[in-house]
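For reference, the structure discussed in these notes is given below.
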Amino acid sequence: MRKVLLLSCLIIATLSCTKKASSHSEEIKQFQYELNVEYNNPKTSPLTKEDLNTFKSLEFFPIDKNYEVVANLKFTPNSPIIEMQTTTTEIQLYRIFAIASFKLNGKDFKLNVYQSQDLLNNPEYMDYLFLPFNDLSNGKTTYGGGRFLDLRLPSKSTKTIKIDFNKAYNPYCAYSHRYSCPIPPKENSLNIEILAGVKAYVKKN
């Protein structure tokens with residue numbers, strides 16, 4: 001009887017893990033689909049008209065749940081407003097909302113999570129948090145100027161936040177020079193390859 005119970009528990013646990021993995025995969029596939037829809041639409045795409053003629057889909061790394069991490073947050077309510085450097089002379093104002101600490105592949109990392117001062121008065125984006133980062137894949141398999149992640153403001157009682165690098169995307173500057181994009185601060189450089197999310201854009205002939 002005990003063996004039967006143990007076997008039943010093992011089967012339930014396996015099914016639960018499989019369901020979670022499937023749910024995560026579907027979530028990322030939906031993210032990829034929505035991004036491709038945006039980039040294929042001339043009204044919303046950052047691509048040039050010339051590139052749109054040959055564009056079919058962005059290239060993504062294989063979905064990998066290991067790149068979904070839960071980070072501990074150290075809130076920084078008194079952090080000063082800073083001018084984040086951009087690819088043009090445009091000034092964009094941010095402040096460090098929190099410092100996110102997490103483990104990835106057995107190593108400890110920290111990233112600053114930023115809050116845009118320009119979006120605070122926009123009801124649609126007032127809970128928006130910005131996570132720009134560089135990693136060792138930049139200039140090889142990913143865009144040389146780093147990538148971005150969009151996060152949402154956690155509840156006041158929450159001291160953790162989910163960071164899923166499978167949702168990392170390129171700034172618009174990776175597709176056209178007509179945009180002004182924030183440059184990830186040096187403090188947000190990871191000494192590891194993040195082989196997840198959107199790959200470097202390669203123009204099709």
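Chain labels run A, B, ... following the order of the structure tokens; each chain numbers its residues from 1, and ligands are numbered from 1 in the order shown.
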Check which residues of range 172-191 of chain A sit at most 8 Å from range 76-88 of chain A using only C-alpha atoms, and return one row each with the closest pair of atoms and their distance in Å to one decimal, ordered by chain and rising number, as a tab-separated table.
residue	atom	partner	partner_atom	distance
A:Cys173	CA	A:Thr87	CA	8.0
A:Ser180	CA	A:Thr87	CA	5.4
A:Cys181	CA	A:Thr86	CA	5.2
A:Pro182	CA	A:Thr86	CA	4.2
A:Ile183	CA	A:Thr86	CA	5.2
A:Pro185	CA	A:Met84	CA	7.5
Could the residues in this selection be saved with C-alpha atoms as a PDB file, in the first residue's frame?
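What follows is the written file out_0.pdb:
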ATOM      1  CA  CYS A 173      17.656  50.835 -32.447  1.00  0.00           C
ATOM      2  CA  SER A 180      16.513  56.947 -29.607  1.00  0.00           C
ATOM      3  CA  CYS A 181      17.056  54.072 -27.184  1.00  0.00           C
ATOM      4  CA  PRO A 182      18.318  53.862 -23.613  1.00  0.00           C
ATOM      5  CA  ILE A 183      21.765  52.309 -23.251  1.00  0.00           C
ATOM      6  CA  PRO A 185      24.050  51.180 -17.610  1.00  0.00           C
TER       7      PRO A 185
END
Secondary structure check, strand (DSSP E or B) residues of range 7-112 of chain A, as a PyMOL selection string: chain A and resi 60+68-75+81-84+86+92-104+107-112
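Omitting Leu104 in chain A and its sequence neighbours fewer than 5 positions away, and counting only C-alpha atoms, the residues within 9 Å are Asn66, Tyr67, Glu68, Val69 and Phe109 of chain A.
Residues of range 62-195 of chain A that DSSP places in helix (DSSP H, G or I), based on the backbone of this structure, are Lys65, Asn66, Tyr67, Phe165, Asn166, Lys167, Tyr172, Cys173, Ala174, Lys186, Glu187 and Asn188 of chain A.
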Would you save the residues from that selection as an mmCIF file, in the first residue's frame, using N, CA and C atoms?
data_model
loop_
_atom_site.group_PDB
_atom_site.id
_atom_site.type_symbol
_atom_site.label_atom_id
_atom_site.label_comp_id
_atom_site.auth_asym_id
_atom_site.auth_seq_id
_atom_site.Cartn_x
_atom_site.Cartn_y
_atom_site.Cartn_z
ATOM 1 N N LYS A 65 13.150 27.193 -19.531
ATOM 2 C CA LYS A 65 12.594 27.617 -18.237
ATOM 3 C C LYS A 65 13.681 27.950 -17.212
ATOM 4 N N ASN A 66 14.912 27.488 -17.448
ATOM 5 C CA ASN A 66 15.999 27.806 -16.528
ATOM 6 C C ASN A 66 16.293 29.302 -16.497
ATOM 7 N N TYR A 67 15.866 30.016 -17.553
ATOM 8 C CA TYR A 67 16.093 31.456 -17.619
ATOM 9 C C TYR A 67 14.941 32.253 -16.995
ATOM 10 N N PHE A 165 14.008 35.807 -18.749
ATOM 11 C CA PHE A 165 14.849 36.258 -19.853
ATOM 12 C C PHE A 165 14.379 35.716 -21.204
ATOM 13 N N ASN A 166 13.444 34.776 -21.200
ATOM 14 C CA ASN A 166 12.845 34.322 -22.458
ATOM 15 C C ASN A 166 12.047 35.450 -23.116
ATOM 16 N N LYS A 167 11.742 36.504 -22.340
ATOM 17 C CA LYS A 167 10.993 37.649 -22.859
ATOM 18 C C LYS A 167 11.906 38.840 -23.153
ATOM 19 N N TYR A 172 14.487 49.226 -30.235
ATOM 20 C CA TYR A 172 14.159 49.553 -31.627
ATOM 21 C C TYR A 172 15.396 49.932 -32.439
ATOM 22 N N CYS A 173 16.429 50.430 -31.744
ATOM 23 C CA CYS A 173 17.656 50.835 -32.447
ATOM 24 C C CYS A 173 18.339 49.668 -33.136
ATOM 25 N N ALA A 174 17.997 48.445 -32.738
ATOM 26 C CA ALA A 174 18.575 47.271 -33.389
ATOM 27 C C ALA A 174 18.045 47.102 -34.803
ATOM 28 N N LYS A 186 26.299 50.406 -17.160
ATOM 29 C CA LYS A 186 27.346 49.391 -16.964
ATOM 30 C C LYS A 186 27.073 48.514 -15.751
ATOM 31 N N GLU A 187 26.343 49.071 -14.759
ATOM 32 C CA GLU A 187 26.005 48.287 -13.564
ATOM 33 C C GLU A 187 25.110 47.097 -13.893
ATOM 34 N N ASN A 188 24.451 47.154 -15.051
ATOM 35 C CA ASN A 188 23.542 46.077 -15.440
ATOM 36 C C ASN A 188 24.167 45.148 -16.480
#
Leu153 in chain A surroundings by only C-alpha atoms, 9 Å radius, close-in-sequence under 2 positions cut, as a PyMOL selection string: chain A and resi 126-129+151+155-156+161
Selection export as a JSON list (two decimals), in the first residue's frame, atoms kept: N, CA and C atoms:
[["chain", "number", "residue", "atom", "x", "y", "z"],
["A", 126, "MET", "N", 1.90, 53.35, -15.55],
["A", 126, "MET", "CA", 2.36, 53.85, -14.26],
["A", 126, "MET", "C", 2.93, 52.73, -13.38],
["A", 127, "ASP", "N", 2.57, 51.47, -13.66],
["A", 127, "ASP", "CA", 3.14, 50.35, -12.90],
["A", 127, "ASP", "C", 4.24, 49.64, -13.69],
["A", 128, "TYR", "N", 4.75, 50.32, -14.71],
["A", 128, "TYR", "CA", 5.75, 49.75, -15.60],
["A", 128, "TYR", "C", 7.15, 49.89, -15.00],
["A", 129, "LEU", "N", 7.91, 48.81, -15.03],
["A", 129, "LEU", "CA", 9.31, 48.82, -14.61],
["A", 129, "LEU", "C", 10.19, 48.38, -15.78],
["A", 151, "LEU", "N", 8.84, 44.79, -16.91],
["A", 151, "LEU", "CA", 8.30, 44.20, -15.68],
["A", 151, "LEU", "C", 7.16, 45.06, -15.17],
["A", 155, "SER", "N", 3.24, 44.07, -5.76],
["A", 155, "SER", "CA", 2.47, 44.61, -4.64],
["A", 155, "SER", "C", 3.41, 45.04, -3.53],
["A", 156, "LYS", "N", 2.94, 45.93, -2.66],
["A", 156, "LYS", "CA", 3.78, 46.48, -1.60],
["A", 156, "LYS", "C", 4.29, 45.40, -0.65],
["A", 161, "ILE", "N", 10.31, 39.27, -7.38],
["A", 161, "ILE", "CA", 9.75, 39.55, -8.70],
["A", 161, "ILE", "C", 10.25, 38.49, -9.67]]
Contacts of Gly146 in chain A within 7 Å, only C-alpha atoms, excl. fewer than 4 positions in-chain, as a PyMOL selection string: chain A and resi 133-134+138+184
I'd like the contact shell of Tyr169 in chain A - 8 Å cut-off, only C-alpha atoms, skipping same-chain residues fewer than 6 positions apart - returned as a JSON list (two decimals) with C-alpha atoms, in the first residue's frame.
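The result, written out as around.json:
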[["chain", "number", "residue", "atom", "x", "y", "z"],
["A", 147, "ARG", "CA", 18.44, 44.01, -24.53],
["A", 148, "PHE", "CA", 15.39, 45.02, -22.48],
["A", 149, "LEU", "CA", 12.82, 43.39, -20.24],
["A", 197, "GLY", "CA", 14.77, 35.76, -25.78],
["A", 198, "VAL", "CA", 15.23, 37.58, -29.07]]
Residues of range 89-164 of chain A that approach range 55-61 of chain A to 12 Å or less, counting only C-alpha atoms: could you list each one with the shortest pair of atoms and its distance in Å to one decimal, rows by chain and increasing residue number, as CSV?
residue,atom,partner,partner_atom,distance
A:Ser137,CA,A:Phe61,CA,11.8
A:Thr141,CA,A:Phe61,CA,9.4
A:Thr142,CA,A:Phe61,CA,9.8
A:Tyr143,CA,A:Glu59,CA,11.7
N, CA and C atoms of the current selection, written as a compact mmCIF listing (two decimals), in the first residue's frame:
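Final file, out-v6.txt:
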# COMPACT_ATOMS: atom_id res chain seq x y z
N SER A 137 26.67 37.55 -24.48
CA SER A 137 26.25 37.17 -25.84
C SER A 137 26.17 38.38 -26.77
N THR A 141 25.59 36.49 -30.61
CA THR A 141 24.27 35.94 -30.96
C THR A 141 23.14 36.91 -30.66
N THR A 142 23.46 37.98 -29.91
CA THR A 142 22.43 38.97 -29.59
C THR A 142 22.90 40.37 -29.97
N TYR A 143 21.98 41.31 -29.96
CA TYR A 143 22.27 42.70 -30.33
C TYR A 143 23.39 43.27 -29.46
Close residues, Glu193 in chain A itself excluded, 8 Å, only C-alpha atoms, min 3 positions apart in chain, as a VMD selection string: chain A and resid 135 to 137 190
